[in-house]
>>> print(open('final-v5.txt').read())   # compact mmCIF, C-alpha atoms (C1' of nucleotides)
# COMPACT_ATOMS: atom_id res chain seq x y z
CA MET R 123 -8.61 36.31 61.48
CA LYS R 124 -6.79 33.17 60.94
CA LYS R 125 -3.14 33.16 60.23
CA THR R 126 -1.31 36.21 58.91
CA ASN R 127 1.11 33.39 58.39
CA PRO R 128 4.35 34.96 59.55
CA THR R 129 7.57 33.60 58.12
CA SER R 130 5.64 31.19 56.00
CA SER R 131 5.20 29.11 59.09
CA GLY R 132 3.21 25.97 58.64
CA ALA R 133 4.50 24.97 55.27
CA PHE R 134 5.92 21.71 56.59
CA ALA R 135 3.30 21.15 59.22
CA ARG R 136 2.18 17.94 57.58
CA SER R 137 5.57 16.60 56.82
CA PRO R 138 6.15 13.20 58.38
CA CYS R 139 9.69 14.28 59.21
CA PRO R 140 10.25 15.74 62.66
CA VAL R 141 13.20 17.76 61.39
CA ALA R 142 10.99 19.49 58.83
CA CYS R 143 8.31 20.15 61.44
CA VAL R 144 10.84 21.64 63.81
CA LEU R 145 12.29 23.80 61.06
CA ASP R 146 8.78 25.04 60.49
CA ILE R 147 8.85 26.45 63.99
CA ILE R 148 12.43 27.55 64.51
CA GLY R 149 13.83 27.45 61.00
CA ASP R 150 14.63 31.08 60.48
CA LYS R 151 17.41 33.47 61.32
CA TRP R 152 15.90 35.06 64.43
CA THR R 153 13.80 32.64 66.42
CA LEU R 154 16.62 30.58 67.86
CA LEU R 155 18.54 33.74 68.60
CA VAL R 156 15.75 34.84 70.92
CA VAL R 157 15.73 31.41 72.51
CA ARG R 158 19.49 31.69 72.94
CA ASP R 159 19.01 34.98 74.75
CA LEU R 160 16.46 33.37 77.02
CA PHE R 161 18.95 30.66 77.88
CA ALA R 162 21.48 33.40 78.51
CA GLY R 163 19.19 34.88 81.13
CA LYS R 164 17.56 37.67 79.18
CA ARG R 165 13.88 38.13 79.85
CA THR R 166 12.54 41.41 78.54
CA TYR R 167 11.74 42.88 75.14
CA GLY R 168 14.39 45.49 75.61
CA GLU R 169 17.05 42.95 76.47
CA PHE R 170 16.30 40.97 73.33
CA GLN R 171 16.50 44.11 71.24
CA ALA R 172 19.83 45.04 72.76
CA SER R 173 21.50 41.84 71.60
CA PHE R 174 24.47 42.07 69.32
CA GLU R 175 22.58 41.00 66.23
CA LYS R 176 20.04 43.83 66.49
CA ILE R 177 16.77 42.16 65.72
CA PRO R 178 14.22 44.55 64.17
CA THR R 179 11.42 45.42 66.54
CA ASN R 180 8.60 44.14 64.38
CA ILE R 181 10.36 40.84 63.82
CA LEU R 182 10.98 40.46 67.53
CA ALA R 183 7.34 41.08 68.41
CA GLU R 184 6.23 38.55 65.83
CA ARG R 185 8.66 35.89 66.92
CA LEU R 186 7.70 36.29 70.55
CA LYS R 187 4.06 35.75 69.58
CA ARG R 188 4.99 32.64 67.66
CA LEU R 189 7.02 31.25 70.52
CA ILE R 190 4.06 31.81 72.84
CA GLU R 191 1.70 30.08 70.42
CA TYR R 192 3.97 27.08 70.29
CA GLU R 193 4.23 27.11 74.07
CA ILE R 194 7.96 27.53 74.00
CA ILE R 195 7.75 30.62 76.18
CA VAL R 196 5.19 32.29 78.41
CA LYS R 197 4.65 35.99 78.94
CA SER R 198 3.75 37.46 82.28
CA PRO R 199 3.78 40.83 84.00
CA TYR R 200 6.40 41.09 86.71
CA GLN R 201 5.73 44.66 87.70
CA GLN R 202 2.83 47.10 87.82
CA ARG R 203 2.80 50.85 87.23
CA PRO R 204 4.27 50.86 84.79
CA VAL R 205 3.46 47.31 83.81
CA ARG R 206 6.46 45.36 82.57
CA TYR R 207 6.49 41.95 81.02
CA GLU R 208 8.94 39.13 81.13
CA TYR R 209 9.26 36.15 78.83
CA VAL R 210 10.27 32.81 80.30
CA LEU R 211 11.03 29.46 78.73
CA THR R 212 8.57 26.68 79.36
CA THR R 213 9.72 23.12 79.94
CA LYS R 214 9.16 22.49 76.25
CA GLY R 215 11.25 25.54 75.49
CA LYS R 216 14.06 24.50 77.77
CA GLU R 217 14.23 21.23 75.90
CA LEU R 218 15.48 23.17 72.89
CA GLY R 219 18.74 23.42 74.81
CA PRO R 220 20.36 20.41 73.14
CA ILE R 221 19.75 21.94 69.73
CA LEU R 222 21.43 25.18 70.74
CA LYS R 223 24.21 23.25 72.40
CA ALA R 224 24.84 21.21 69.27
CA MET R 225 24.89 24.36 67.16
CA ALA R 226 27.24 26.11 69.53
CA GLN R 227 29.62 23.19 69.52
CA TRP R 228 29.65 22.98 65.75
CA GLY R 229 30.16 26.72 65.52
CA GLU R 230 32.98 26.77 68.01
CA LYS R 231 34.73 24.03 66.15
CA HIS R 232 34.26 25.24 62.62
CA ILE R 233 33.90 29.01 62.83
CA PRO R 234 37.06 30.67 64.05
CA GLY R 235 36.57 33.47 66.52
CA SER R 236 33.24 32.36 67.92
CA LYS R 237 33.00 31.72 71.60
CA ALA R 238 30.02 30.20 73.32
CA ILE R 239 28.38 31.51 76.42
CA SER R 240 28.24 27.93 77.66
CA LYS R 241 25.00 28.12 79.52
CA TRP R 242 22.77 25.68 77.77
CA MET H 111 29.78 40.87 40.74
CA LYS H 112 30.14 39.94 44.29
CA LYS H 113 26.90 39.93 46.13
CA THR H 114 23.77 38.12 45.03
CA ASN H 115 23.70 37.59 48.79
CA PRO H 116 21.33 34.64 48.97
CA THR H 117 19.24 34.23 52.06
CA SER H 118 20.81 37.31 53.54
CA SER H 119 23.70 35.09 54.44
CA GLY H 120 26.51 36.76 56.21
CA ALA H 121 24.50 39.11 58.36
CA PHE H 122 25.78 37.53 61.57
CA ALA H 123 29.20 36.67 60.26
CA ARG H 124 30.86 38.94 62.77
CA SER H 125 28.75 37.98 65.71
CA PRO H 126 30.84 36.66 68.59
CA CYS H 127 28.15 34.05 69.20
CA PRO H 128 28.65 30.68 67.56
CA VAL H 129 24.92 30.08 67.49
CA ALA H 130 24.39 33.23 65.45
CA CYS H 131 27.21 32.30 63.09
CA VAL H 132 25.78 28.85 62.57
CA LEU H 133 22.32 30.26 61.96
CA ASP H 134 23.91 32.43 59.32
CA ILE H 135 24.83 29.28 57.47
CA ILE H 136 21.99 26.87 58.15
CA GLY H 137 19.33 29.15 59.64
CA ASP H 138 16.68 28.90 57.01
CA LYS H 139 13.87 26.58 56.09
CA TRP H 140 15.61 24.55 53.42
CA THR H 141 19.31 24.11 54.08
CA LEU H 142 19.04 21.62 56.90
CA LEU H 143 16.41 19.74 54.96
CA VAL H 144 18.95 19.09 52.24
CA VAL H 145 21.48 18.03 54.86
CA ARG H 146 18.88 15.73 56.32
CA ASP H 147 18.40 14.13 52.92
CA LEU H 148 22.13 13.65 52.63
CA PHE H 149 22.16 11.86 55.97
CA ALA H 150 19.27 9.78 54.72
CA GLY H 151 21.39 8.59 51.83
CA LYS H 152 20.18 10.83 49.03
CA ARG H 153 22.90 12.12 46.75
CA THR H 154 21.56 13.60 43.56
CA TYR H 155 19.76 16.78 42.61
CA GLY H 156 16.75 14.81 41.57
CA GLU H 157 16.57 12.93 44.84
CA PHE H 158 16.58 16.18 46.80
CA GLN H 159 13.83 17.56 44.62
CA ALA H 160 11.72 14.49 45.14
CA SER H 161 11.59 14.91 48.89
CA PHE H 162 8.25 15.34 50.58
CA GLU H 163 8.69 19.05 51.20
CA LYS H 164 9.17 19.86 47.52
CA ILE H 165 11.98 22.35 47.54
CA PRO H 166 11.82 24.77 44.59
CA THR H 167 14.50 24.02 42.05
CA ASN H 168 16.15 27.44 42.13
CA ILE H 169 16.34 27.38 45.91
CA LEU H 170 17.84 23.91 45.82
CA ALA H 171 20.53 24.96 43.37
CA GLU H 172 21.40 27.97 45.51
CA ARG H 173 21.54 26.04 48.74
CA LEU H 174 23.77 23.39 47.21
CA LYS H 175 26.16 26.12 46.12
CA ARG H 176 26.17 27.58 49.60
CA LEU H 177 26.81 24.21 51.21
CA ILE H 178 29.74 23.69 48.86
CA GLU H 179 31.15 27.14 49.68
CA TYR H 180 31.00 26.34 53.35
CA GLU H 181 32.61 22.98 52.70
CA ILE H 182 29.70 21.09 54.15
CA ILE H 183 29.32 19.07 50.97
CA VAL H 184 31.38 18.33 47.88
CA LYS H 185 30.14 17.82 44.37
CA SER H 186 31.67 15.29 42.05
CA PRO H 187 30.79 13.46 38.86
CA TYR H 188 30.07 9.80 39.38
CA GLN H 189 29.25 8.95 35.80
CA GLN H 190 30.15 10.09 32.30
CA ARG H 191 28.02 10.29 29.15
CA PRO H 192 25.79 11.67 30.33
CA VAL H 193 27.70 13.22 33.16
CA ARG H 194 25.98 12.88 36.51
CA TYR H 195 26.88 14.56 39.73
CA GLU H 196 26.56 13.48 43.29
CA TYR H 197 26.71 15.53 46.44
CA VAL H 198 28.39 14.08 49.49
CA LEU H 199 28.81 15.31 53.03
CA THR H 200 32.30 16.28 54.10
CA THR H 201 33.57 15.52 57.58
CA LYS H 202 32.51 19.00 58.58
CA GLY H 203 29.10 18.32 57.13
CA LYS H 204 28.72 15.03 58.91
CA GLU H 205 29.37 16.82 62.16
CA LEU H 206 26.05 18.57 61.69
CA GLY H 207 24.53 15.25 62.68
CA PRO H 208 24.11 16.11 66.36
CA ILE H 209 22.12 19.22 65.43
CA LEU H 210 19.76 17.19 63.26
CA LYS H 211 19.54 14.54 65.92
CA ALA H 212 18.64 17.08 68.59
CA MET H 213 15.99 18.56 66.32
CA ALA H 214 14.56 15.19 65.48
CA GLN H 215 14.34 14.24 69.14
CA TRP H 216 12.61 17.48 70.06
CA GLY H 217 10.24 17.07 67.17
CA GLU H 218 9.39 13.49 67.99
CA LYS H 219 8.64 14.44 71.55
CA HIS H 220 6.66 17.60 70.96
CA ILE H 221 5.10 17.25 67.53
CA PRO H 222 2.59 14.43 67.37
CA GLY H 223 2.69 12.34 64.27
CA SER H 224 6.30 12.93 63.36
CA LYS H 225 8.58 9.98 63.10
CA ALA H 226 12.32 10.18 62.62
CA ILE H 227 14.30 8.23 60.12
CA SER H 228 16.85 7.57 62.84
CA LYS H 229 19.93 7.62 60.75
CA TRP H 230 21.95 10.46 62.13
C1' DC J 130 11.08 55.73 78.55
C1' DC J 131 9.45 50.86 77.36
C1' DG J 132 6.85 47.62 74.62
C1' DG J 133 5.04 47.16 70.65
C1' DA J 134 2.27 48.43 66.03
C1' DT J 135 2.40 50.41 61.51
C1' DC J 136 4.29 51.86 57.18
C1' DC J 137 7.06 51.15 53.27
C1' DG J 138 10.98 50.21 50.01
C1' DG J 139 13.89 46.69 48.67
C1' DT J 140 15.09 41.82 48.81
C1' DC J 141 14.18 37.07 48.71
C1' DT J 142 11.05 33.25 47.91
C1' DG J 143 8.77 30.00 45.27
C1' DA J 144 5.99 28.47 41.05
C1' DT J 145 6.58 27.89 36.46
C1' DA J 146 8.81 27.91 32.11
C1' DC J 147 12.81 27.10 29.70
C1' DT J 148 17.56 25.13 28.28
C1' DG J 149 21.41 21.72 27.57
C1' DC F 246 18.16 14.89 34.70
C1' DA F 247 20.38 19.11 36.29
C1' DG F 248 20.03 23.15 36.53
C1' DT F 249 19.00 28.68 34.84
C1' DA F 250 15.59 32.55 33.92
C1' DT F 251 11.80 35.07 35.10
C1' DC F 252 8.56 37.51 37.85
C1' DA F 253 4.73 38.52 41.09
C1' DG F 254 4.07 38.57 45.62
C1' DA F 255 5.56 37.61 50.33
C1' DC F 256 8.75 38.88 53.73
C1' DC F 257 12.48 41.41 55.92
C1' DG F 258 14.36 45.25 58.13
C1' DG F 259 14.73 50.20 59.14
C1' DA F 260 12.22 54.13 60.60
C1' DT F 261 8.54 56.01 62.66
C1' DC F 262 4.54 56.32 65.43
C1' DC F 263 1.71 55.34 69.53
C1' DG F 264 -0.24 53.93 74.23
C1' DG F 265 0.69 53.52 79.13
>>> encode(input="final-v5.txt", output="structure tokens")
Amino acid sequence: MKKTNPTSSGAFARSPCPVACVLDIIGDKWTLLVVRDLFAGKRTYGEFQASFEKIPTNILAERLKRLIEYEIIVKSPYQQRPVRYEYVLTTKGKELGPILKAMAQWGEKHIPGSKAISKW
Amino acid sequence: MKKTNPTSSGAFARSPCPVACVLDIIGDKWTLLVVRDLFAGKRTYGEFQASFEKIPTNILAERLKRLIEYEIIVKSPYQQRPVRYEYVLTTKGKELGPILKAMAQWGEKHIPGSKAISKW
DNA sequence: CCGGATCCGGTCTGATACTG
DNA sequence: CAGTATCAGACCGGATCCGG
């Protein structure tokens, strides 16, 4: 088993452009939304699912795997019987903050009605 | 005829989160790549197509339309007989610069081998 | 119940061919 | 050169199913 290649990830892997490479990792509708939730303090599968945008469960599971592979988050049990997992941003993951911040600022300025959680 | 709904755009339009709204506009593999090219000085359809990542022609045409709708770029003829068009960033479009810059910085730091064009 | 895996129809992508 | 048309296959998203 090699790839299963979710979200056509890897297409730009050899691009010399860092923007293209980054888009290969986070360039889809859902990934950054999960990262946003992590910045907002959410940590569990259920919390991600409960977000306003209603990410489908299979997509969420896939994106979490991807984020782990890229070492943007780590998964660890925080409770036994029943076992529960939490997802936490790594240092590398936290450094995505400026991207989210830039997006939020652009959105707040150009999309009426949007209001940031200002927690990046 | 209303829909054609490219790239499932509009799904997050009513989200209160600016990040989600922005991802609705630029949250796909190709859109920001075109914007990147614009920042890099490219202006014509052919120049976008010639980029390293080889965007499919139908996708390019669709994304350009979207960017025009969102007033991120404008299209105008710069030559007659034969007529030639150029695409130029609006002020709103240029303000996407910080997002690209943040992505480029993250990419340069975390993806070995990538080198920015440093022109944001 | 919670955290996911699986199934499946419909939509979108992307390669190629075609047109002005 | 600047797109439009076409079409198979990949992917999304909703529903459902399953293990602990």
>>> closest_residue(input="final-v5.txt", among="H:Pro128, H:Phe162, H:Arg176, H:Asn168", to="F:DT251", atoms="all atoms listed in the file")
H:Asn168
>>> atom_distance(input="final-v5.txt", atom1="atom CA of H:Pro222", atom2="atom CA of H:Trp140")
21.6 Å
>>> calpha_fit_and_write(input="final-v5.txt", fixed="chain R", moving="chain H", output="short mmCIF file (atom, residue, chain, number, x, y, z; two decimals) with C-alpha atoms, keeping the file's coordinate frame")
data_model
loop_
_atom_site.label_atom_id
_atom_site.label_comp_id
_atom_site.auth_asym_id
_atom_site.auth_seq_id
_atom_site.Cartn_x
_atom_site.Cartn_y
_atom_site.Cartn_z
CA MET H 111 -8.73 37.03 59.95
CA LYS H 112 -6.79 33.91 60.22
CA LYS H 113 -3.61 34.00 58.28
CA THR H 114 -0.99 36.71 58.51
CA ASN H 115 1.15 33.59 58.19
CA PRO H 116 4.44 34.93 59.51
CA THR H 117 7.62 33.40 58.23
CA SER H 118 5.63 31.04 56.08
CA SER H 119 5.17 29.00 59.20
CA GLY H 120 3.17 25.89 58.80
CA ALA H 121 4.41 24.86 55.39
CA PHE H 122 5.87 21.62 56.73
CA ALA H 123 3.26 21.07 59.38
CA ARG H 124 2.13 17.86 57.77
CA SER H 125 5.53 16.52 56.97
CA PRO H 126 6.13 13.12 58.55
CA CYS H 127 9.67 14.22 59.33
CA PRO H 128 10.27 15.69 62.77
CA VAL H 129 13.18 17.71 61.48
CA ALA H 130 10.95 19.43 58.94
CA CYS H 131 8.30 20.09 61.57
CA VAL H 132 10.84 21.59 63.91
CA LEU H 133 12.26 23.75 61.15
CA ASP H 134 8.75 24.98 60.60
CA ILE H 135 8.83 26.39 64.09
CA ILE H 136 12.41 27.49 64.62
CA GLY H 137 13.83 27.37 61.09
CA ASP H 138 14.57 30.99 60.54
CA LYS H 139 17.31 33.44 61.32
CA TRP H 140 15.85 35.02 64.42
CA THR H 141 13.77 32.60 66.47
CA LEU H 142 16.61 30.57 67.90
CA LEU H 143 18.51 33.75 68.60
CA VAL H 144 15.74 34.83 70.93
CA VAL H 145 15.76 31.40 72.55
CA ARG H 146 19.49 31.71 72.95
CA ASP H 147 19.02 35.01 74.75
CA LEU H 148 16.49 33.39 77.03
CA PHE H 149 19.00 30.69 77.91
CA ALA H 150 21.52 33.44 78.52
CA GLY H 151 19.24 34.93 81.13
CA LYS H 152 17.59 37.73 79.19
CA ARG H 153 13.90 38.16 79.87
CA THR H 154 12.55 41.43 78.59
CA TYR H 155 11.72 42.86 75.19
CA GLY H 156 14.36 45.48 75.61
CA GLU H 157 17.04 42.96 76.47
CA PHE H 158 16.30 40.97 73.33
CA GLN H 159 16.48 44.11 71.24
CA ALA H 160 19.81 45.04 72.72
CA SER H 161 21.49 41.86 71.56
CA PHE H 162 24.44 42.09 69.23
CA GLU H 163 22.51 40.98 66.17
CA LYS H 164 19.98 43.80 66.44
CA ILE H 165 16.72 42.11 65.69
CA PRO H 166 14.16 44.48 64.14
CA THR H 167 11.42 45.34 66.58
CA ASN H 168 8.53 44.10 64.46
CA ILE H 169 10.25 40.79 63.86
CA LEU H 170 10.94 40.42 67.56
CA ALA H 171 7.31 41.04 68.46
CA GLU H 172 6.17 38.48 65.90
CA ARG H 173 8.63 35.83 66.97
CA LEU H 174 7.68 36.25 70.61
CA LYS H 175 4.05 35.70 69.67
CA ARG H 176 4.97 32.58 67.75
CA LEU H 177 7.03 31.20 70.61
CA ILE H 178 4.10 31.75 72.94
CA GLU H 179 1.71 30.00 70.53
CA TYR H 180 4.00 27.02 70.41
CA GLU H 181 4.29 27.07 74.18
CA ILE H 182 8.02 27.51 74.09
CA ILE H 183 7.80 30.61 76.25
CA VAL H 184 5.24 32.26 78.49
CA LYS H 185 4.69 35.94 79.02
CA SER H 186 3.79 37.38 82.37
CA PRO H 187 3.82 40.73 84.13
CA TYR H 188 6.48 41.00 86.79
CA GLN H 189 5.77 44.55 87.82
CA GLN H 190 2.86 46.97 87.98
CA ARG H 191 2.74 50.73 87.40
CA PRO H 192 4.17 50.74 84.90
CA VAL H 193 3.39 47.20 83.96
CA ARG H 194 6.39 45.25 82.74
CA TYR H 195 6.44 41.88 81.12
CA GLU H 196 8.94 39.11 81.18
CA TYR H 197 9.29 36.15 78.88
CA VAL H 198 10.33 32.82 80.33
CA LEU H 199 11.10 29.47 78.79
CA THR H 200 8.64 26.68 79.46
CA THR H 201 9.82 23.13 80.03
CA LYS H 202 9.25 22.49 76.36
CA GLY H 203 11.31 25.53 75.56
CA LYS H 204 14.14 24.52 77.82
CA GLU H 205 14.32 21.25 75.98
CA LEU H 206 15.54 23.18 72.96
CA GLY H 207 18.81 23.43 74.85
CA PRO H 208 20.44 20.42 73.19
CA ILE H 209 19.79 21.94 69.76
CA LEU H 210 21.46 25.19 70.76
CA LYS H 211 24.27 23.29 72.38
CA ALA H 212 24.88 21.23 69.26
CA MET H 213 24.89 24.38 67.16
CA ALA H 214 27.24 26.15 69.49
CA GLN H 215 29.65 23.23 69.47
CA TRP H 216 29.65 23.02 65.69
CA GLY H 217 30.14 26.74 65.45
CA GLU H 218 32.99 26.82 67.92
CA LYS H 219 34.74 24.08 66.05
CA HIS H 220 34.23 25.29 62.51
CA ILE H 221 33.86 29.05 62.73
CA PRO H 222 37.01 30.74 63.93
CA GLY H 223 36.53 33.54 66.37
CA SER H 224 33.23 32.41 67.81
CA LYS H 225 33.02 31.74 71.48
CA ALA H 226 30.04 30.22 73.23
CA ILE H 227 28.44 31.52 76.35
CA SER H 228 28.29 27.96 77.61
CA LYS H 229 25.08 28.16 79.48
CA TRP H 230 22.85 25.68 77.78
#
>>> interface_residues(input="final-v5.txt", of="chain F", to="chain H", cutoff="12 Å", atoms="all atoms listed in the file", output="list in words")
DC246, DA247, DG248, DT249, DA250, DT251, DC256, DC257 and DG258 of chain F
>>> atom_distance(input="final-v5.txt", atom1="atom CA of R:Ile190", atom2="atom CA of H:Trp216")
16.9 Å
>>> atom_distance(input="final-v5.txt", atom1="atom CA of H:Gly217", atom2="atom CA of R:Ile221")
11.0 Å
>>> residues_around(input="final-v5.txt", residues="stretch 252-254 of chain F", least_positions_apart="3", cutoff="10 Å", atoms="all atoms listed in the file", output="MDAnalysis selection string")
chainID J and resid 142:145
>>> closest_residue(input="final-v5.txt", among="H:Ile136, H:Ile221, H:Val184, H:Ala212", to="H:Leu199", atoms="only C-alpha atoms")
H:Val184
>>> closest_residue(input="final-v5.txt", among="H:Tyr197, H:Gly120, H:Cys127, H:Tyr188", to="chain R", atoms="all atoms listed in the file")
H:Cys127
>>> interface_residues(input="final-v5.txt", of="chain H", to="chain R", cutoff="10 Å", atoms="all atoms listed in the file", output="PyMOL selection string")
chain H and resi 117-119+121-143+146+162-164+180+202-203+205-227
>>> axis_aligned_box(input="final-v5.txt", around="stretch 131-139 of chain J", padding_each_side="4 Å", output="lines of an AutoDock Vina configuration file")
center_x = 8.1
center_y = 49.3
center_z = 63.0
size_x = 19.6
size_y = 13.2
size_z = 36.7
>>> closest_residue(input="final-v5.txt", among="H:Ile165, H:Lys175, H:Glu196, H:Ile183", to="chain J", atoms="only C-alpha atoms (C1' of nucleotides)")
H:Ile165
>>> closest_residue(input="final-v5.txt", among="R:Ser173, R:Val210, R:Arg203, R:Val157", to="chain J", atoms="only C-alpha atoms (C1' of nucleotides)")
R:Arg203
>>> interface_residues(input="final-v5.txt", of="chain J", to="chain R", cutoff="10 Å", atoms="all atoms listed in the file", output="MDAnalysis selection string")
chainID J and resid 131:135 142
>>> decode(input="final-v5.txt", residues="stretch 170-191 of chain R", atoms="N, CA, C and O atoms", output="compact mmCIF listing (two decimals), in the first residue's frame")
# COMPACT_ATOMS: atom_id res chain seq x y z
N PHE R 170 -14.36 18.87 15.91
CA PHE R 170 -14.15 19.28 14.51
C PHE R 170 -15.45 19.07 13.71
O PHE R 170 -15.85 19.93 12.93
N GLN R 171 -16.08 17.95 13.95
CA GLN R 171 -17.32 17.65 13.23
C GLN R 171 -18.42 18.65 13.54
O GLN R 171 -19.29 18.92 12.72
N ALA R 172 -18.39 19.18 14.74
CA ALA R 172 -19.47 20.07 15.18
C ALA R 172 -19.32 21.49 14.65
O ALA R 172 -20.20 22.32 14.87
N SER R 173 -18.23 21.76 13.94
CA SER R 173 -18.02 23.11 13.44
C SER R 173 -19.11 23.52 12.46
O SER R 173 -19.75 22.68 11.84
N PHE R 174 -19.27 24.79 12.35
CA PHE R 174 -20.32 25.36 11.52
C PHE R 174 -20.37 24.77 10.11
O PHE R 174 -21.44 24.54 9.56
N GLU R 175 -19.22 24.55 9.53
CA GLU R 175 -19.18 24.15 8.12
C GLU R 175 -19.50 22.69 7.88
O GLU R 175 -19.61 22.26 6.74
N LYS R 176 -19.63 21.91 8.94
CA LYS R 176 -20.09 20.52 8.84
C LYS R 176 -19.26 19.68 7.87
O LYS R 176 -19.75 19.22 6.83
N ILE R 177 -18.05 19.44 8.26
CA ILE R 177 -17.18 18.59 7.45
C ILE R 177 -17.66 17.14 7.48
O ILE R 177 -17.97 16.62 8.54
N PRO R 178 -17.74 16.49 6.32
CA PRO R 178 -18.14 15.08 6.29
C PRO R 178 -17.15 14.23 7.06
O PRO R 178 -15.95 14.50 7.06
N THR R 179 -17.65 13.20 7.69
CA THR R 179 -16.82 12.39 8.58
C THR R 179 -15.65 11.72 7.87
O THR R 179 -14.55 11.63 8.41
N ASN R 180 -15.89 11.23 6.66
CA ASN R 180 -14.79 10.56 5.97
C ASN R 180 -13.71 11.56 5.56
O ASN R 180 -12.53 11.26 5.63
N ILE R 181 -14.13 12.74 5.17
CA ILE R 181 -13.16 13.76 4.80
C ILE R 181 -12.34 14.17 6.03
O ILE R 181 -11.11 14.30 5.96
N LEU R 182 -13.01 14.33 7.14
CA LEU R 182 -12.30 14.70 8.36
C LEU R 182 -11.24 13.68 8.73
O LEU R 182 -10.09 14.01 9.00
N ALA R 183 -11.63 12.41 8.70
CA ALA R 183 -10.68 11.36 9.07
C ALA R 183 -9.47 11.37 8.15
O ALA R 183 -8.32 11.25 8.59
N GLU R 184 -9.73 11.58 6.87
CA GLU R 184 -8.64 11.61 5.89
C GLU R 184 -7.72 12.79 6.11
O GLU R 184 -6.50 12.67 6.07
N ARG R 185 -8.31 13.94 6.33
CA ARG R 185 -7.50 15.14 6.52
C ARG R 185 -6.65 15.05 7.79
O ARG R 185 -5.50 15.50 7.82
N LEU R 186 -7.22 14.48 8.83
CA LEU R 186 -6.46 14.33 10.07
C LEU R 186 -5.24 13.43 9.82
O LEU R 186 -4.13 13.74 10.27
N LYS R 187 -5.45 12.36 9.05
CA LYS R 187 -4.32 11.48 8.72
C LYS R 187 -3.25 12.26 7.96
O LYS R 187 -2.06 12.11 8.23
N ARG R 188 -3.68 13.02 7.01
CA ARG R 188 -2.73 13.80 6.20
C ARG R 188 -1.95 14.76 7.08
O ARG R 188 -0.72 14.89 6.96
N LEU R 189 -2.66 15.45 7.96
CA LEU R 189 -1.99 16.42 8.82
C LEU R 189 -0.98 15.74 9.73
O LEU R 189 0.06 16.32 10.05
N ILE R 190 -1.28 14.52 10.14
CA ILE R 190 -0.34 13.77 10.96
C ILE R 190 0.88 13.39 10.13
O ILE R 190 2.02 13.56 10.57
N GLU R 191 0.64 12.90 8.92
CA GLU R 191 1.75 12.54 8.03
C GLU R 191 2.70 13.71 7.82
O GLU R 191 3.91 13.54 7.79
